[in-house]
file target.tsv (TSV, C-alpha atoms and all ligand atoms)
chain	number	residue	atom	x	y	z
A	667	MET	CA	13.29	32.64	-2.95
A	668	SER	CA	13.58	29.39	-1.04
A	669	LEU	CA	16.62	27.22	-1.58
A	670	LEU	CA	14.47	24.21	-2.51
A	671	GLU	CA	11.00	24.42	-4.02
A	672	VAL	CA	9.01	21.24	-4.57
A	673	ASP	CA	5.68	21.70	-6.32
A	674	GLY	CA	3.02	19.14	-7.20
A	675	LEU	CA	5.51	16.30	-6.91
A	676	THR	CA	3.93	12.96	-7.84
A	677	ARG	CA	5.32	9.47	-8.41
A	678	PHE	CA	3.42	6.34	-9.32
A	679	TYR	CA	4.76	2.80	-9.10
A	680	GLY	CA	2.30	0.96	-11.32
A	681	GLY	CA	-1.05	1.67	-9.69
A	682	LEU	CA	0.47	2.76	-6.38
A	683	ARG	CA	0.83	6.48	-5.82
A	684	ALA	CA	3.94	6.65	-3.60
A	685	VAL	CA	4.00	10.49	-3.64
A	686	GLY	CA	0.96	12.58	-4.57
A	687	ASP	CA	0.82	16.29	-5.41
A	688	LEU	CA	3.35	17.14	-2.71
A	689	SER	CA	4.49	20.75	-2.37
A	690	PHE	CA	6.90	22.23	0.15
A	691	THR	CA	9.83	24.62	0.34
A	692	VAL	CA	13.05	24.68	2.33
A	693	GLY	CA	14.65	27.99	3.21
A	694	GLU	CA	18.40	28.52	3.18
A	695	GLY	CA	19.84	27.62	6.59
A	696	GLU	CA	16.74	25.78	7.71
A	697	ILE	CA	16.40	22.30	9.24
A	698	LEU	CA	13.15	20.86	7.86
A	699	GLY	CA	11.82	17.66	9.42
A	700	LEU	CA	10.02	15.37	6.93
A	701	ILE	CA	8.03	12.83	8.90
A	702	GLY	CA	5.26	10.31	8.42
A	703	PRO	CA	4.43	6.65	9.01
A	704	ASN	CA	6.32	3.83	7.28
A	705	GLY	CA	5.50	3.72	3.59
A	706	ALA	CA	4.38	7.38	3.55
A	707	GLY	CA	6.72	8.19	0.67
A	708	LYS	CA	9.60	9.96	2.47
A	709	THR	CA	12.45	8.00	0.90
A	710	THR	CA	10.76	8.29	-2.49
A	711	VAL	CA	10.79	12.09	-2.07
A	712	PHE	CA	14.56	11.93	-1.50
A	713	ASN	CA	14.97	9.60	-4.50
A	714	LEU	CA	13.02	12.07	-6.64
A	715	ILE	CA	14.96	15.14	-5.48
A	716	THR	CA	18.32	13.45	-6.06
A	717	GLY	CA	17.54	12.04	-9.51
A	718	PHE	CA	17.52	8.34	-8.55
A	719	VAL	CA	13.85	8.21	-9.57
A	720	GLN	CA	12.02	10.44	-12.05
A	721	PRO	CA	8.74	12.16	-11.12
A	722	SER	CA	5.45	11.23	-12.81
A	723	ALA	CA	4.53	14.93	-12.41
A	724	GLY	CA	5.66	18.05	-10.60
A	725	THR	CA	8.69	20.31	-10.34
A	726	ILE	CA	11.78	20.41	-8.13
A	727	ARG	CA	13.90	23.56	-8.12
A	728	LEU	CA	17.14	24.40	-6.38
A	729	ASP	CA	17.75	28.14	-6.33
A	730	GLY	CA	15.00	28.55	-8.90
A	731	LYS	CA	16.54	26.10	-11.38
A	732	SER	CA	14.91	22.77	-12.19
A	733	VAL	CA	16.82	19.63	-11.26
A	734	VAL	CA	14.24	17.26	-12.77
A	735	GLY	CA	15.74	14.94	-15.37
A	736	LEU	CA	19.31	15.30	-14.09
A	737	ARG	CA	21.26	12.15	-13.25
A	738	PRO	CA	22.21	11.69	-9.56
A	739	HIS	CA	25.79	12.78	-10.24
A	740	ALA	CA	24.60	16.01	-11.88
A	741	VAL	CA	22.22	16.70	-8.99
A	742	ALA	CA	25.14	16.26	-6.59
A	743	ALA	CA	27.17	18.69	-8.69
A	744	ARG	CA	24.35	21.24	-8.29
A	745	GLY	CA	24.79	20.95	-4.53
A	746	ILE	CA	22.33	18.37	-3.22
A	747	ALA	CA	23.68	15.42	-1.20
A	748	ARG	CA	21.83	12.62	0.52
A	749	THR	CA	22.40	9.73	2.88
A	750	PHE	CA	20.70	6.36	2.58
A	751	GLN	CA	18.37	4.82	5.13
A	752	VAL	CA	20.45	1.65	4.92
A	753	VAL	CA	24.08	2.77	5.04
A	754	LYS	CA	25.98	2.06	1.85
A	755	PRO	CA	29.73	2.51	2.35
A	756	PHE	CA	32.21	0.45	0.34
A	757	PRO	CA	33.05	-2.04	3.11
A	758	GLY	CA	36.37	-3.13	1.61
A	759	LEU	CA	37.72	0.42	1.38
A	760	THR	CA	39.06	2.44	4.26
A	761	VAL	CA	37.07	5.22	5.86
A	762	LYS	CA	39.33	7.79	4.22
A	763	GLU	CA	39.03	6.13	0.79
A	764	ASN	CA	35.25	6.11	1.07
A	765	VAL	CA	35.14	9.83	1.74
A	766	THR	CA	37.86	10.65	-0.81
A	767	LEU	CA	35.73	9.10	-3.59
A	768	ALA	CA	32.95	11.55	-2.71
A	769	ALA	CA	35.38	14.48	-2.48
A	770	PHE	CA	36.52	13.92	-6.08
A	771	LEU	CA	33.30	15.68	-7.15
A	772	ARG	CA	34.77	19.07	-6.14
A	773	HIS	CA	38.48	18.18	-6.04
A	774	PRO	CA	39.75	16.48	-9.20
A	775	SER	CA	43.29	16.03	-7.87
A	776	ARG	CA	43.80	13.07	-5.56
A	777	ARG	CA	45.83	15.08	-3.09
A	778	ASP	CA	43.14	17.76	-2.76
A	779	ALA	CA	40.37	15.16	-2.49
A	780	GLU	CA	42.23	13.35	0.29
A	781	ALA	CA	42.82	16.59	2.16
A	782	ALA	CA	39.14	17.49	1.86
A	783	ALA	CA	38.18	14.00	3.06
A	784	LEU	CA	40.38	14.26	6.13
A	785	GLU	CA	38.97	17.69	6.92
A	786	VAL	CA	35.38	16.37	6.82
A	787	LEU	CA	36.31	13.28	8.85
A	788	GLY	CA	37.89	15.51	11.51
A	789	ARG	CA	34.76	17.65	11.67
A	790	LEU	CA	32.62	14.55	12.23
A	791	GLY	CA	34.89	13.07	14.90
A	792	LEU	CA	36.05	10.22	12.65
A	793	GLY	CA	39.60	11.39	11.97
A	794	HIS	CA	41.08	8.65	14.16
A	795	ARG	CA	39.32	5.95	12.11
A	796	ALA	CA	40.54	7.22	8.71
A	797	GLY	CA	42.77	4.19	8.08
A	798	ASP	CA	40.27	1.54	9.23
A	799	LEU	CA	38.06	-0.44	6.88
A	800	ALA	CA	34.51	0.90	6.71
A	801	SER	CA	33.26	-2.58	7.65
A	802	GLN	CA	35.06	-2.32	11.01
A	803	LEU	CA	33.03	0.66	12.22
A	804	THR	CA	30.21	0.55	14.77
A	805	LEU	CA	26.72	1.42	13.48
A	806	MET	CA	27.03	4.93	14.93
A	807	ASP	CA	30.34	5.47	13.14
A	808	GLN	CA	28.96	3.97	9.90
A	809	LYS	CA	26.18	6.55	10.09
A	810	ARG	CA	28.81	9.22	10.66
A	811	LEU	CA	30.72	7.93	7.64
A	812	GLU	CA	27.54	8.10	5.56
A	813	VAL	CA	27.15	11.77	6.53
A	814	ALA	CA	30.86	12.41	5.90
A	815	ARG	CA	30.56	11.01	2.36
A	816	ALA	CA	27.58	13.28	1.70
A	817	LEU	CA	29.32	16.36	3.13
A	818	ALA	CA	32.49	15.65	1.14
A	819	THR	CA	30.55	16.41	-2.06
A	820	GLY	CA	30.30	20.03	-0.84
A	821	PRO	CA	26.48	20.32	-0.70
A	822	ARG	CA	24.30	23.33	-0.03
A	823	LEU	CA	21.39	21.02	0.77
A	824	LEU	CA	21.78	17.77	2.71
A	825	LEU	CA	19.00	15.16	2.78
A	826	LEU	CA	19.32	12.79	5.75
A	827	ASP	CA	17.25	9.58	5.60
A	828	GLU	CA	16.73	8.24	9.13
A	829	PRO	CA	20.28	8.94	10.31
A	830	MET	CA	19.33	8.00	13.88
A	831	GLY	CA	17.63	4.66	13.23
A	832	GLY	CA	19.11	1.97	15.47
A	833	LEU	CA	21.05	4.38	17.67
A	834	ASN	CA	20.72	4.38	21.46
A	835	PRO	CA	19.49	7.52	23.29
A	836	SER	CA	22.93	8.94	24.03
A	837	GLU	CA	24.00	8.34	20.41
A	838	VAL	CA	20.83	10.13	19.30
A	839	ASP	CA	21.91	13.15	21.38
A	840	VAL	CA	25.32	13.12	19.71
A	841	ALA	CA	23.73	12.79	16.25
A	842	SER	CA	21.30	15.65	16.97
A	843	ARG	CA	24.18	17.94	17.90
A	844	LEU	CA	25.97	16.87	14.74
A	845	VAL	CA	23.01	17.84	12.55
A	846	ASP	CA	22.83	21.22	14.26
A	847	GLN	CA	26.57	21.69	13.77
A	848	ILE	CA	26.20	20.88	10.04
A	849	ARG	CA	23.54	23.57	9.72
A	850	LYS	CA	25.75	26.05	11.57
A	851	GLY	CA	28.41	25.23	8.99
A	852	GLY	CA	26.11	26.68	6.34
A	853	VAL	CA	24.39	23.56	4.99
A	854	THR	CA	20.58	23.44	4.77
A	855	VAL	CA	19.11	20.15	6.02
A	856	VAL	CA	16.03	18.04	5.33
A	857	LEU	CA	15.76	15.36	8.00
A	858	VAL	CA	13.63	12.23	7.68
A	859	GLU	CA	13.55	10.66	11.12
A	860	HIS	CA	11.33	8.49	13.29
A	861	VAL	CA	13.07	9.48	16.53
A	862	MET	CA	10.52	12.14	17.53
A	863	LYS	CA	12.64	13.54	20.34
A	864	ALA	CA	15.31	14.48	17.81
A	865	ILE	CA	12.81	15.89	15.29
A	866	MET	CA	11.16	18.01	17.98
A	867	ARG	CA	14.45	19.33	19.24
A	868	ILE	CA	16.27	20.22	16.05
A	869	SER	CA	13.70	20.92	13.31
A	870	ASP	CA	12.69	24.52	12.67
A	871	ARG	CA	9.65	23.29	10.82
A	872	VAL	CA	8.06	19.95	10.05
A	873	VAL	CA	6.20	18.60	7.00
A	874	VAL	CA	4.08	15.52	7.71
A	875	VAL	CA	3.25	13.10	4.89
A	876	SER	CA	0.87	10.18	4.88
A	877	GLN	CA	0.18	7.97	1.85
A	878	GLY	CA	2.30	10.33	-0.23
A	879	GLU	CA	0.35	13.48	0.60
A	880	LYS	CA	1.14	16.37	2.90
A	881	ILE	CA	-1.25	16.28	5.86
A	882	ALA	CA	0.31	18.94	8.09
A	883	GLU	CA	3.06	21.53	8.18
A	884	GLY	CA	4.36	23.91	10.83
A	885	PRO	CA	6.44	24.18	14.00
A	886	PRO	CA	7.09	20.68	15.43
A	887	ALA	CA	5.34	21.23	18.77
A	888	GLN	CA	2.18	22.38	17.00
A	889	VAL	CA	2.14	19.77	14.25
A	890	VAL	CA	2.34	16.73	16.56
A	891	LYS	CA	-0.93	17.80	18.21
A	892	GLU	CA	-2.92	17.96	14.99
A	893	PRO	CA	-5.69	15.33	14.75
A	894	ALA	CA	-4.74	14.32	11.19
A	895	VAL	CA	-1.18	13.62	12.34
A	896	LEU	CA	-2.28	11.63	15.38
A	897	ALA	CA	-4.67	9.63	13.20
A	898	ALA	CA	-1.95	8.90	10.62
A	899	TYR	CA	0.44	7.65	13.30
A	900	PHE	CA	-1.89	5.96	15.75
A	901	GLY	CA	-5.21	5.56	13.93
A	902	LYS	CA	-4.65	1.99	12.79
A	903	ARG	CA	-3.44	0.97	16.22
A	904	ALA	CA	-6.50	2.25	18.10
A	905	ALA	CA	-7.89	-0.29	20.58
A	906	PRO	CA	-10.73	-2.42	19.14
B	1	LIG	N1	11.00	1.05	-6.34
B	1	LIG	C1	9.75	0.88	-5.89
B	1	LIG	N2	8.89	0.08	-6.56
B	1	LIG	C2	7.63	-0.11	-6.14
B	1	LIG	N3	7.10	0.48	-5.04
B	1	LIG	C3	7.91	1.27	-4.33
B	1	LIG	C4	9.28	1.52	-4.70
B	1	LIG	N4	9.84	2.37	-3.80
B	1	LIG	C5	8.88	2.64	-2.90
B	1	LIG	N5	7.73	1.99	-3.21
B	1	LIG	C6	6.46	2.06	-2.45
B	1	LIG	O1	6.14	3.43	-2.29
B	1	LIG	C7	5.60	3.66	-1.00
B	1	LIG	C8	6.46	4.68	-0.27
B	1	LIG	O2	7.70	4.09	0.06
B	1	LIG	P1	8.88	4.90	0.75
B	1	LIG	O3	9.11	6.14	0.00
B	1	LIG	O4	10.03	3.97	0.91
B	1	LIG	O5	8.24	5.25	2.17
B	1	LIG	P2	8.92	5.75	3.55
B	1	LIG	O6	10.34	6.11	3.26
B	1	LIG	O7	8.08	6.92	3.97
B	1	LIG	O8	8.79	4.61	4.51
B	1	LIG	C9	5.55	2.31	-0.29
B	1	LIG	O9	4.25	1.78	-0.47
B	1	LIG	C10	6.59	1.50	-1.04
B	1	LIG	O10	6.28	0.13	-1.00
B	2	MG	MG	12.10	5.43	4.08

call {"tool": "encode", "arguments": {"input": "target.tsv", "output": "C-alpha cells"}}
result
Amino acid sequence: MSLLEVDGLTRFYGGLRAVGDLSFTVGEGEILGLIGPNGAGKTTVFNLITGFVQPSAGTIRLDGKSVVGLRPHAVAARGIARTFQVVKPFPGLTVKENVTLAAFLRHPSRRDAEAAALEVLGRLGLGHRAGDLASQLTLMDQKRLEVARALATGPRLLLLDEPMGGLNPSEVDVASRLVDQIRKGGVTVVLVEHVMKAIMRISDRVVVVSQGEKIAEGPPAQVVKEPAVLAAYFGKRAAP
C-alpha cells in the first residue's frame, strides 16, 4: 500500500474547476515532484490534502485511512505537514518560539516541546538563530524556518509548496540537499517547485498537472520531454 493515495480528487470554486479527477500515489520514502504551470491547481491539492479546503469529490487516504473531512489540526496529528508558498511565521515571535508552537502537537509539556524545537532547528542549520525574531531572518532562513515548523509536528508526509521560490542558485543547491536529508531522515516528501533543476535532481518521480488534471507522470527526465508537458508549459508562449 502507498503511504498516500489520492483518487478522483476534484475541487470546484464556483464554475472554475481548480482540480479535476486527479489521482496519484506517493510511496513511503519517496520524493514526488508535483509540477505544472501557474494556476494548475498544485496549491489547491495541498490545501485539499491538509484539510484547509474540502474536496467537491474524490478520496484522500493516508495509510489506507481517509483524511477527508478532518480539520487541518487533525490532519497534522495523523502525520501530514505542509509549508506555505508564502511563508507564514509569526514575525513577532522568536525562531525557537515559532517552532515550539508546532512541536506542542507531539509534546504537550513546554520543556519537551522546546527541546524538540531546538533539535529540529539544529538539524536545519538554524540553531544559532533560535533567539532571533522570525522577522529578522533572510528569505532563505525564513524558508528554513517554515520547514522547521512543519517538521516539528513530527510528520510522516511533508508537503513543500515552492520552498525554493526566490532563492539564488547556490541557495537552491543548499535547499535541494536539505530536502534529500529530510527524506533520509524517514519523511516522505511531495515537492511543488518551479525550479526545474531542483525537481530534476531530487524527485524520484514527477506528476504534471495542467488546469487541474494530470497530464503526465513518470521519471523526471522522461516526463519533461513529453509533448503534452511542453505544450502546457510553453504552448501559450509560442512565437506568433
Ligand atoms: N480560494 C479560491 N477561490 C477561488 N479560486 C481559487 C481559490 N484558490 C485557488 N483558486 C483558483 O484555482 C486555480 C488553481 O490555483 P492554485 O491551486 O493556487 O494553482 P497553482 O498552485 O498550481 O499555481 C486558479 O485558477 C486559482 O485562481
Ligand atoms: Mg501554488

call {"tool": "closest_residue", "arguments": {"input": "target.tsv", "among": "A:Asp846, A:Asp827, A:Asp798, A:Glu879", "to": "Val685 in chain A", "atoms": "all atoms listed in the file"}}
result
A:Glu879

call {"tool": "residues_near_ligand", "arguments": {"input": "target.tsv", "ligand": "ligand LIG 1 (chain B)", "cutoff": "9 Å", "atoms": "only C-alpha atoms and all ligand atoms", "output": "PDB file with C-alpha atoms, keeping the file's coordinate frame"}}
result
ATOM      1  CA  ARG A 677       5.320   9.470  -8.410  1.00  0.00           C
ATOM      2  CA  PHE A 678       3.420   6.340  -9.320  1.00  0.00           C
ATOM      3  CA  TYR A 679       4.760   2.800  -9.100  1.00  0.00           C
ATOM      4  CA  GLY A 680       2.300   0.960 -11.320  1.00  0.00           C
ATOM      5  CA  LEU A 682       0.470   2.760  -6.380  1.00  0.00           C
ATOM      6  CA  ARG A 683       0.830   6.480  -5.820  1.00  0.00           C
ATOM      7  CA  ALA A 684       3.940   6.650  -3.600  1.00  0.00           C
ATOM      8  CA  VAL A 685       4.000  10.490  -3.640  1.00  0.00           C
ATOM      9  CA  ILE A 701       8.030  12.830   8.900  1.00  0.00           C
ATOM     10  CA  GLY A 702       5.260  10.310   8.420  1.00  0.00           C
ATOM     11  CA  PRO A 703       4.430   6.650   9.010  1.00  0.00           C
ATOM     12  CA  ASN A 704       6.320   3.830   7.280  1.00  0.00           C
ATOM     13  CA  GLY A 705       5.500   3.720   3.590  1.00  0.00           C
ATOM     14  CA  ALA A 706       4.380   7.380   3.550  1.00  0.00           C
ATOM     15  CA  GLY A 707       6.720   8.190   0.670  1.00  0.00           C
ATOM     16  CA  LYS A 708       9.600   9.960   2.470  1.00  0.00           C
ATOM     17  CA  THR A 709      12.450   8.000   0.900  1.00  0.00           C
ATOM     18  CA  THR A 710      10.760   8.290  -2.490  1.00  0.00           C
ATOM     19  CA  VAL A 711      10.790  12.090  -2.070  1.00  0.00           C
ATOM     20  CA  PHE A 712      14.560  11.930  -1.500  1.00  0.00           C
ATOM     21  CA  ASN A 713      14.970   9.600  -4.500  1.00  0.00           C
ATOM     22  CA  VAL A 719      13.850   8.210  -9.570  1.00  0.00           C
ATOM     23  CA  GLN A 751      18.370   4.820   5.130  1.00  0.00           C
ATOM     24  CA  ASP A 827      17.250   9.580   5.600  1.00  0.00           C
ATOM     25  CA  GLU A 828      16.730   8.240   9.130  1.00  0.00           C
ATOM     26  CA  VAL A 858      13.630  12.230   7.680  1.00  0.00           C
ATOM     27  CA  VAL A 875       3.250  13.100   4.890  1.00  0.00           C
ATOM     28  CA  SER A 876       0.870  10.180   4.880  1.00  0.00           C
ATOM     29  CA  GLN A 877       0.180   7.970   1.850  1.00  0.00           C
ATOM     30  CA  GLY A 878       2.300  10.330  -0.230  1.00  0.00           C
TER      31      GLY A 878
END

call {"tool": "atom_distance", "arguments": {"input": "target.tsv", "atom1": "CA of Gln847 in chain A", "atom2": "CA of Gly695 in chain A"}}
result
11.5 Å

call {"tool": "axis_aligned_box", "arguments": {"input": "target.tsv", "around": "range 846-864 of chain A", "padding_each_side": "4 Å", "output": "AutoDock Vina command-line options"}}
result
--center_x 19.5 --center_y 17.6 --center_z 12.6 --size_x 25.9 --size_y 26.2 --size_z 23.6

call {"tool": "closest_residue", "arguments": {"input": "target.tsv", "among": "A:Ala740, A:Leu803, A:Ala768, A:Leu825", "to": "ligand MG 2 (chain B)", "atoms": "all atoms listed in the file"}}
result
A:Leu825

call {"tool": "closest_residue", "arguments": {"input": "target.tsv", "among": "A:Ile697, A:Pro893, A:Leu670, A:Leu787", "to": "Arg744 in chain A", "atoms": "all atoms listed in the file"}}
result
A:Leu670

call {"tool": "closest_residue", "arguments": {"input": "target.tsv", "among": "A:Leu857, A:Val838, A:Val761, A:Val845", "to": "ligand MG 2 (chain B)", "atoms": "only C-alpha atoms and all ligand atoms"}}
result
A:Leu857

call {"tool": "closest_residue", "arguments": {"input": "target.tsv", "among": "A:Leu771, A:Leu700, A:Ile746, A:Ala894", "to": "ligand MG 2 (chain B)", "atoms": "only C-alpha atoms and all ligand atoms"}}
result
A:Leu700

call {"tool": "residues_around", "arguments": {"input": "target.tsv", "residues": "Glu785 in chain A", "least_positions_apart": "5", "cutoff": "12 Å", "atoms": "all atoms listed in the file", "output": "list in words"}}
result
Lys762, Val765, Thr766, Ala769, Asp778, Ala779, Glu780, Leu790, Gly791, Leu792, Gly793, His794, Ala796, Ala814, Arg815, Leu817, Ala818 and Gly820 of chain A

call {"tool": "closest_residue", "arguments": {"input": "target.tsv", "among": "A:Val741, A:Arg795, A:Ser722, A:Arg789", "to": "Thr819 in chain A", "atoms": "all atoms listed in the file"}}
result
A:Val741

call {"tool": "decode", "arguments": {"input": "target.tsv", "residues": "range 821-850 of chain A", "atoms": "N, CA and C atoms", "output": "short mmCIF file (atom, residue, chain, number, x, y, z; two decimals), in the first residue's frame"}}
result
data_model
loop_
_atom_site.label_atom_id
_atom_site.label_comp_id
_atom_site.auth_asym_id
_atom_site.auth_seq_id
_atom_site.Cartn_x
_atom_site.Cartn_y
_atom_site.Cartn_z
N PRO A 821 5.92 14.83 11.18
CA PRO A 821 5.16 14.23 10.08
C PRO A 821 5.78 12.96 9.53
N ARG A 822 4.93 12.16 8.89
CA ARG A 822 5.42 11.08 8.03
C ARG A 822 5.47 11.55 6.60
N LEU A 823 4.59 12.51 6.27
CA LEU A 823 4.50 13.04 4.92
C LEU A 823 4.62 14.57 4.99
N LEU A 824 5.54 15.11 4.22
CA LEU A 824 5.77 16.56 4.22
C LEU A 824 5.47 17.11 2.83
N LEU A 825 4.58 18.11 2.77
CA LEU A 825 4.20 18.74 1.51
C LEU A 825 4.88 20.11 1.44
N LEU A 826 5.77 20.28 0.48
CA LEU A 826 6.53 21.53 0.37
C LEU A 826 6.03 22.33 -0.82
N ASP A 827 5.52 23.54 -0.57
CA ASP A 827 4.94 24.36 -1.64
C ASP A 827 5.94 25.44 -2.06
N GLU A 828 6.63 25.19 -3.15
CA GLU A 828 7.62 26.10 -3.72
C GLU A 828 8.63 26.60 -2.69
N PRO A 829 9.32 25.66 -2.03
CA PRO A 829 10.27 26.08 -0.99
C PRO A 829 11.48 26.84 -1.56
N MET A 830 11.69 26.75 -2.88
CA MET A 830 12.89 27.37 -3.45
C MET A 830 12.60 28.66 -4.21
N GLY A 831 11.34 29.07 -4.23
CA GLY A 831 10.98 30.31 -4.92
C GLY A 831 11.75 31.49 -4.33
N GLY A 832 12.38 32.28 -5.19
CA GLY A 832 13.08 33.47 -4.73
C GLY A 832 14.50 33.23 -4.25
N LEU A 833 14.93 31.96 -4.23
CA LEU A 833 16.30 31.69 -3.77
C LEU A 833 17.27 31.78 -4.95
N ASN A 834 18.54 32.14 -4.64
CA ASN A 834 19.54 32.18 -5.70
C ASN A 834 20.08 30.76 -5.94
N PRO A 835 20.85 30.56 -7.03
CA PRO A 835 21.25 29.19 -7.39
C PRO A 835 22.00 28.44 -6.29
N SER A 836 22.87 29.13 -5.56
CA SER A 836 23.60 28.38 -4.52
C SER A 836 22.67 28.05 -3.35
N GLU A 837 21.70 28.93 -3.08
CA GLU A 837 20.70 28.61 -2.04
C GLU A 837 19.82 27.44 -2.47
N VAL A 838 19.52 27.38 -3.78
CA VAL A 838 18.73 26.25 -4.30
C VAL A 838 19.48 24.93 -4.06
N ASP A 839 20.81 24.95 -4.27
CA ASP A 839 21.60 23.74 -4.02
C ASP A 839 21.49 23.32 -2.55
N VAL A 840 21.61 24.30 -1.67
CA VAL A 840 21.51 24.01 -0.23
C VAL A 840 20.12 23.44 0.08
N ALA A 841 19.09 24.07 -0.47
CA ALA A 841 17.71 23.63 -0.19
C ALA A 841 17.48 22.22 -0.76
N SER A 842 18.04 21.92 -1.92
CA SER A 842 17.89 20.58 -2.50
C SER A 842 18.50 19.52 -1.58
N ARG A 843 19.69 19.83 -1.08
CA ARG A 843 20.33 18.87 -0.16
C ARG A 843 19.50 18.69 1.10
N LEU A 844 18.90 19.79 1.54
CA LEU A 844 18.06 19.73 2.74
C LEU A 844 16.86 18.79 2.53
N VAL A 845 16.23 18.90 1.37
CA VAL A 845 15.06 18.05 1.08
C VAL A 845 15.50 16.59 1.07
N ASP A 846 16.65 16.32 0.46
CA ASP A 846 17.15 14.96 0.41
C ASP A 846 17.46 14.43 1.82
N GLN A 847 18.02 15.31 2.63
CA GLN A 847 18.34 14.94 4.02
C GLN A 847 17.06 14.64 4.81
N ILE A 848 16.00 15.39 4.56
CA ILE A 848 14.72 15.16 5.23
C ILE A 848 14.18 13.77 4.88
N ARG A 849 14.27 13.43 3.59
CA ARG A 849 13.83 12.11 3.16
C ARG A 849 14.68 11.02 3.82
N LYS A 850 15.99 11.25 3.88
CA LYS A 850 16.86 10.24 4.51
C LYS A 850 16.51 10.07 5.98
#
